[in-house]
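Q: I have a structure here, written as structure tokens, and I will follow up with some questions on it.
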Amino acid sequence: MKIRFFNVIPNPLSDEDLTTSEAWDANLVLEGNSPYFLSSNSGKGKSTFLNYIFGLRNDYQGKIEINDKETRSFTLDDWAKLRKDNIAYLPQDLQLIPHLTVWENLCLKNQLTNHCSEKEIKDFLEKYNLLDKLNKPVQQLSIGQQQRVALIRTILQPFELLLLDEPFSHLDEENIAIGFEIIDKVCQQQNAFYIIATLGYNYGVTANKTLLL
């Protein structure tokens with residue numbers, strides 16, 4: 001998958017000085033098998049960048065292409081297909097269903113994609129020390145546990161690109177390392193890459209590029 005940004009300027013940032021940005025008001029190509037990091041302080045557009053790629057927002061000047069097709073020309077069906085088969089997204093707000101159990105949240109996603117077996121899902125849970133939370137409502141979990149569940153749910157689909165918006169903000173070093181191990185393994189299996197938004201940390205991961213917003 002290839003993503004191109006041609007001199008994209010978010011409308012909310014149109015009056016700001018973007019001369020030092022490596023993503024905004026620049027010609028940018030994202031592709032390959034290595035991850036990218038979006039690094040900046042809050043308010044510089046990390047979530048906005050990911051939302052543009054996922055088609056949740058289009059309030060910008062310039063042009064964005066996915067696989068050489070301008071995204072402004074995409075129909076709702078085009079976006080639905082991309083989100084089903086090509087792009088997976090973990091937003092900051094996680095979007096878990098609070099009153100459902102961990103297992104119900106995961107199965108709800110997997111029933112739509114039919115991507116993993118029950119054993120594979122339970123293997124993810126075991127790897128991430130969540131197997132004993134299987135039948136617990138998500139709303140009873142800590143925010144760190146919810147982040148881990150949300151990460152597992154996100155990868156229960158085929159994808160060429162994985163978008164991650166501050167996915168480890170409430171995790172300790174051990175669980176961050178496990179998260180990267182899971183992500184790297186799944187991306188390698190699917191010949192995919194990921195873009196992760198972060199407040200300036202690269203967690204020691206070798207990236208294709210770190211983009212300063």
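Residues in the structure tokens are numbered from 1 in each chain, the chains being A, B, ... in the order shown, and ligands are numbered from 1 in the order shown.
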Could you name the residues that touch Glu126 (chain A) at 12 Å or less, counting only C-alpha atoms, but leaving out those on the same chain fewer than 4 positions away, as a ChimeraX atom specification?
A: /A:119-122,130-134,148-149,152,178,182
Q: Can you write just those residues out, N, CA and C atoms, as a compact mmCIF listing (two decimals), in the first residue's frame?
A:
```txt
# COMPACT_ATOMS: atom_id res chain seq x y z
N LYS A 119 -8.96 -20.09 18.66
CA LYS A 119 -7.66 -20.39 19.27
C LYS A 119 -6.68 -19.23 19.06
N GLU A 120 -6.68 -18.67 17.87
CA GLU A 120 -5.76 -17.56 17.60
C GLU A 120 -6.07 -16.36 18.48
N ILE A 121 -7.36 -16.08 18.66
CA ILE A 121 -7.75 -14.95 19.52
C ILE A 121 -7.32 -15.21 20.96
N LYS A 122 -7.55 -16.44 21.43
CA LYS A 122 -7.15 -16.78 22.81
C LYS A 122 -5.63 -16.76 22.96
N LEU A 130 -4.20 -11.52 29.27
CA LEU A 130 -5.60 -11.13 29.41
C LEU A 130 -6.56 -12.31 29.40
N LEU A 131 -6.03 -13.52 29.34
CA LEU A 131 -6.90 -14.68 29.20
C LEU A 131 -7.84 -14.82 30.39
N ASP A 132 -7.39 -14.42 31.56
CA ASP A 132 -8.25 -14.53 32.75
C ASP A 132 -9.32 -13.43 32.80
N LYS A 133 -9.27 -12.48 31.87
CA LYS A 133 -10.27 -11.42 31.79
C LYS A 133 -11.32 -11.70 30.71
N LEU A 134 -11.28 -12.87 30.16
CA LEU A 134 -12.09 -13.24 28.99
C LEU A 134 -13.57 -12.87 29.15
N ARG A 148 -4.98 -2.88 25.75
CA ARG A 148 -4.50 -4.17 25.24
C ARG A 148 -5.60 -4.91 24.50
N VAL A 149 -6.81 -4.89 25.06
CA VAL A 149 -7.94 -5.54 24.37
C VAL A 149 -8.19 -4.86 23.03
N ILE A 152 -5.72 -5.94 20.37
CA ILE A 152 -6.04 -7.27 19.83
C ILE A 152 -7.22 -7.19 18.88
N ILE A 178 5.46 -6.30 24.68
CA ILE A 178 4.59 -7.37 24.19
C ILE A 178 3.73 -6.86 23.04
N ILE A 182 3.55 -8.39 19.23
CA ILE A 182 2.33 -8.82 18.55
C ILE A 182 2.17 -8.09 17.22
```
Q: Could you give me the residues within region 27-208 of chain A that DSSP places in alpha helix (DSSP H), as a ChimeraX atom specification?
A: /A:46-54,76-85,102-113,118-127,143-154,173-190
Q: Using only C-alpha atoms, which protein or nucleic acid residues come within 6 Å of region 1-13 of chain A? Drop anything in the same chain fewer than 2 positions from it, and give the result as a PyMOL selection string.
A: chain A and resi 15-16+24-31+59-67
Q: From the options A:Leu50, A:Val186, A:Ala192, A:Ile143, which residue's atoms come nearest to Gly32 (chain A), counting only C-alpha atoms?
A: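 When distances to Gly32 (chain A) are compared using only C-alpha atoms, the smallest one comes from A:Ala192.
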Q: For Asn175 (chain A), which residue among A:Ala88, A:Leu108, A:Leu151, A:Ile195 is the nearest when counting only C-alpha atoms?
A: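 Residue with the minimum atom-to-atom distance to Asn175 (chain A): A:Leu151.
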Q: Name the closest residue to Leu162 (chain A) among the candidates A:Lys136, A:Lys44, A:Arg83, A:His99; distances are taken between atoms, counting only C-alpha atoms.
A: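 The answer is A:Arg83, which sits nearest to Leu162 (chain A).
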Q: Could you write out, as number ranges by chain, all the residues of chain A that DSSP marks as strand (DSSP E)?
A: A: 3-10, 27-30, 36-39, 60-66, 69-70, 87-90, 161-165, 193-198, 209-212
Q: Looking at A:Leu96, A:Leu38, A:Ile87, A:Leu212, which one is nearest to Leu141 (chain A), with distances taken over only C-alpha atoms?
A: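 Looking at the shortest contact to Leu141 (chain A), the residue is A:Leu96.
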Q: Please identify all polymer residues within 10 Å of Tyr194 (chain A), counting only C-alpha atoms, omitting same-chain residues fewer than 3 positions from it, and present them as JSON, numbers by chain.
A: {"A": [30, 31, 32, 33, 34, 35, 36, 37, 87, 88, 89, 159, 160, 161, 162, 163, 164, 183, 184, 187, 207]}
Q: Go ahead and save the picked residues with N, CA and C atoms, as a PDB file, in the first residue's frame.
A:
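Wrote it out as result-v2.pdb, contents follow:
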```
ATOM      1  N   LEU A  30       4.407   7.326   1.955  1.00  0.00           N
ATOM      2  CA  LEU A  30       4.511   6.319   3.007  1.00  0.00           C
ATOM      3  C   LEU A  30       4.249   4.947   2.389  1.00  0.00           C
ATOM      4  N   GLU A  31       5.211   4.058   2.493  1.00  0.00           N
ATOM      5  CA  GLU A  31       5.048   2.700   1.970  1.00  0.00           C
ATOM      6  C   GLU A  31       6.173   1.838   2.522  1.00  0.00           C
ATOM      7  N   GLY A  32       6.107   0.539   2.246  1.00  0.00           N
ATOM      8  CA  GLY A  32       7.181  -0.359   2.647  1.00  0.00           C
ATOM      9  C   GLY A  32       6.792  -1.271   3.780  1.00  0.00           C
ATOM     10  N   ASN A  33       7.797  -1.928   4.362  1.00  0.00           N
ATOM     11  CA  ASN A  33       7.546  -2.911   5.416  1.00  0.00           C
ATOM     12  C   ASN A  33       8.010  -2.449   6.792  1.00  0.00           C
ATOM     13  N   SER A  34       8.517  -1.237   6.904  1.00  0.00           N
ATOM     14  CA  SER A  34       8.978  -0.718   8.191  1.00  0.00           C
ATOM     15  C   SER A  34       7.994   0.312   8.717  1.00  0.00           C
ATOM     16  N   PRO A  35       7.927   0.471  10.037  1.00  0.00           N
ATOM     17  CA  PRO A  35       6.956   1.404  10.617  1.00  0.00           C
ATOM     18  C   PRO A  35       7.364   2.855  10.452  1.00  0.00           C
ATOM     19  N   TYR A  36       6.378   3.725  10.602  1.00  0.00           N
ATOM     20  CA  TYR A  36       6.595   5.167  10.665  1.00  0.00           C
ATOM     21  C   TYR A  36       6.089   5.661  12.013  1.00  0.00           C
ATOM     22  N   PHE A  37       6.776   6.656  12.556  1.00  0.00           N
ATOM     23  CA  PHE A  37       6.337   7.289  13.780  1.00  0.00           C
ATOM     24  C   PHE A  37       5.958   8.740  13.492  1.00  0.00           C
ATOM     25  N   ILE A  87      -6.939  -1.407   5.626  1.00  0.00           N
ATOM     26  CA  ILE A  87      -6.456  -0.499   6.663  1.00  0.00           C
ATOM     27  C   ILE A  87      -7.163  -0.804   7.977  1.00  0.00           C
ATOM     28  N   ALA A  88      -6.381  -1.068   9.012  1.00  0.00           N
ATOM     29  CA  ALA A  88      -6.921  -1.253  10.361  1.00  0.00           C
ATOM     30  C   ALA A  88      -6.511  -0.055  11.203  1.00  0.00           C
ATOM     31  N   TYR A  89      -7.393   0.345  12.128  1.00  0.00           N
ATOM     32  CA  TYR A  89      -7.161   1.589  12.868  1.00  0.00           C
ATOM     33  C   TYR A  89      -7.515   1.418  14.337  1.00  0.00           C
ATOM     34  N   PHE A 159      -5.092  -6.619   6.743  1.00  0.00           N
ATOM     35  CA  PHE A 159      -4.704  -5.230   6.498  1.00  0.00           C
ATOM     36  C   PHE A 159      -3.326  -5.174   5.853  1.00  0.00           C
ATOM     37  N   GLU A 160      -3.113  -4.095   5.135  1.00  0.00           N
ATOM     38  CA  GLU A 160      -1.798  -3.763   4.595  1.00  0.00           C
ATOM     39  C   GLU A 160      -1.166  -2.625   5.378  1.00  0.00           C
ATOM     40  N   LEU A 161      -2.013  -1.870   6.078  1.00  0.00           N
ATOM     41  CA  LEU A 161      -1.557  -0.731   6.859  1.00  0.00           C
ATOM     42  C   LEU A 161      -2.306  -0.712   8.181  1.00  0.00           C
ATOM     43  N   LEU A 162      -1.553  -0.554   9.266  1.00  0.00           N
ATOM     44  CA  LEU A 162      -2.121  -0.487  10.607  1.00  0.00           C
ATOM     45  C   LEU A 162      -1.858   0.904  11.176  1.00  0.00           C
ATOM     46  N   LEU A 163      -2.924   1.619  11.534  1.00  0.00           N
ATOM     47  CA  LEU A 163      -2.817   2.954  12.114  1.00  0.00           C
ATOM     48  C   LEU A 163      -3.029   2.863  13.619  1.00  0.00           C
ATOM     49  N   LEU A 164      -2.121   3.442  14.396  1.00  0.00           N
ATOM     50  CA  LEU A 164      -2.157   3.323  15.855  1.00  0.00           C
ATOM     51  C   LEU A 164      -2.002   4.704  16.470  1.00  0.00           C
ATOM     52  N   ILE A 183       2.348  -6.771  17.242  1.00  0.00           N
ATOM     53  CA  ILE A 183       2.190  -5.968  16.027  1.00  0.00           C
ATOM     54  C   ILE A 183       3.186  -6.392  14.957  1.00  0.00           C
ATOM     55  N   ASP A 184       4.449  -6.528  15.349  1.00  0.00           N
ATOM     56  CA  ASP A 184       5.484  -6.894  14.373  1.00  0.00           C
ATOM     57  C   ASP A 184       5.208  -8.254  13.744  1.00  0.00           C
ATOM     58  N   CYS A 187       2.143  -7.915  11.357  1.00  0.00           N
ATOM     59  CA  CYS A 187       2.508  -7.145  10.163  1.00  0.00           C
ATOM     60  C   CYS A 187       3.407  -7.968   9.238  1.00  0.00           C
ATOM     61  N   ALA A 207      12.561   2.503  12.809  1.00  0.00           N
ATOM     62  CA  ALA A 207      11.461   2.888  11.930  1.00  0.00           C
ATOM     63  C   ALA A 207      11.982   3.268  10.552  1.00  0.00           C
TER      64      ALA A 207
END
```
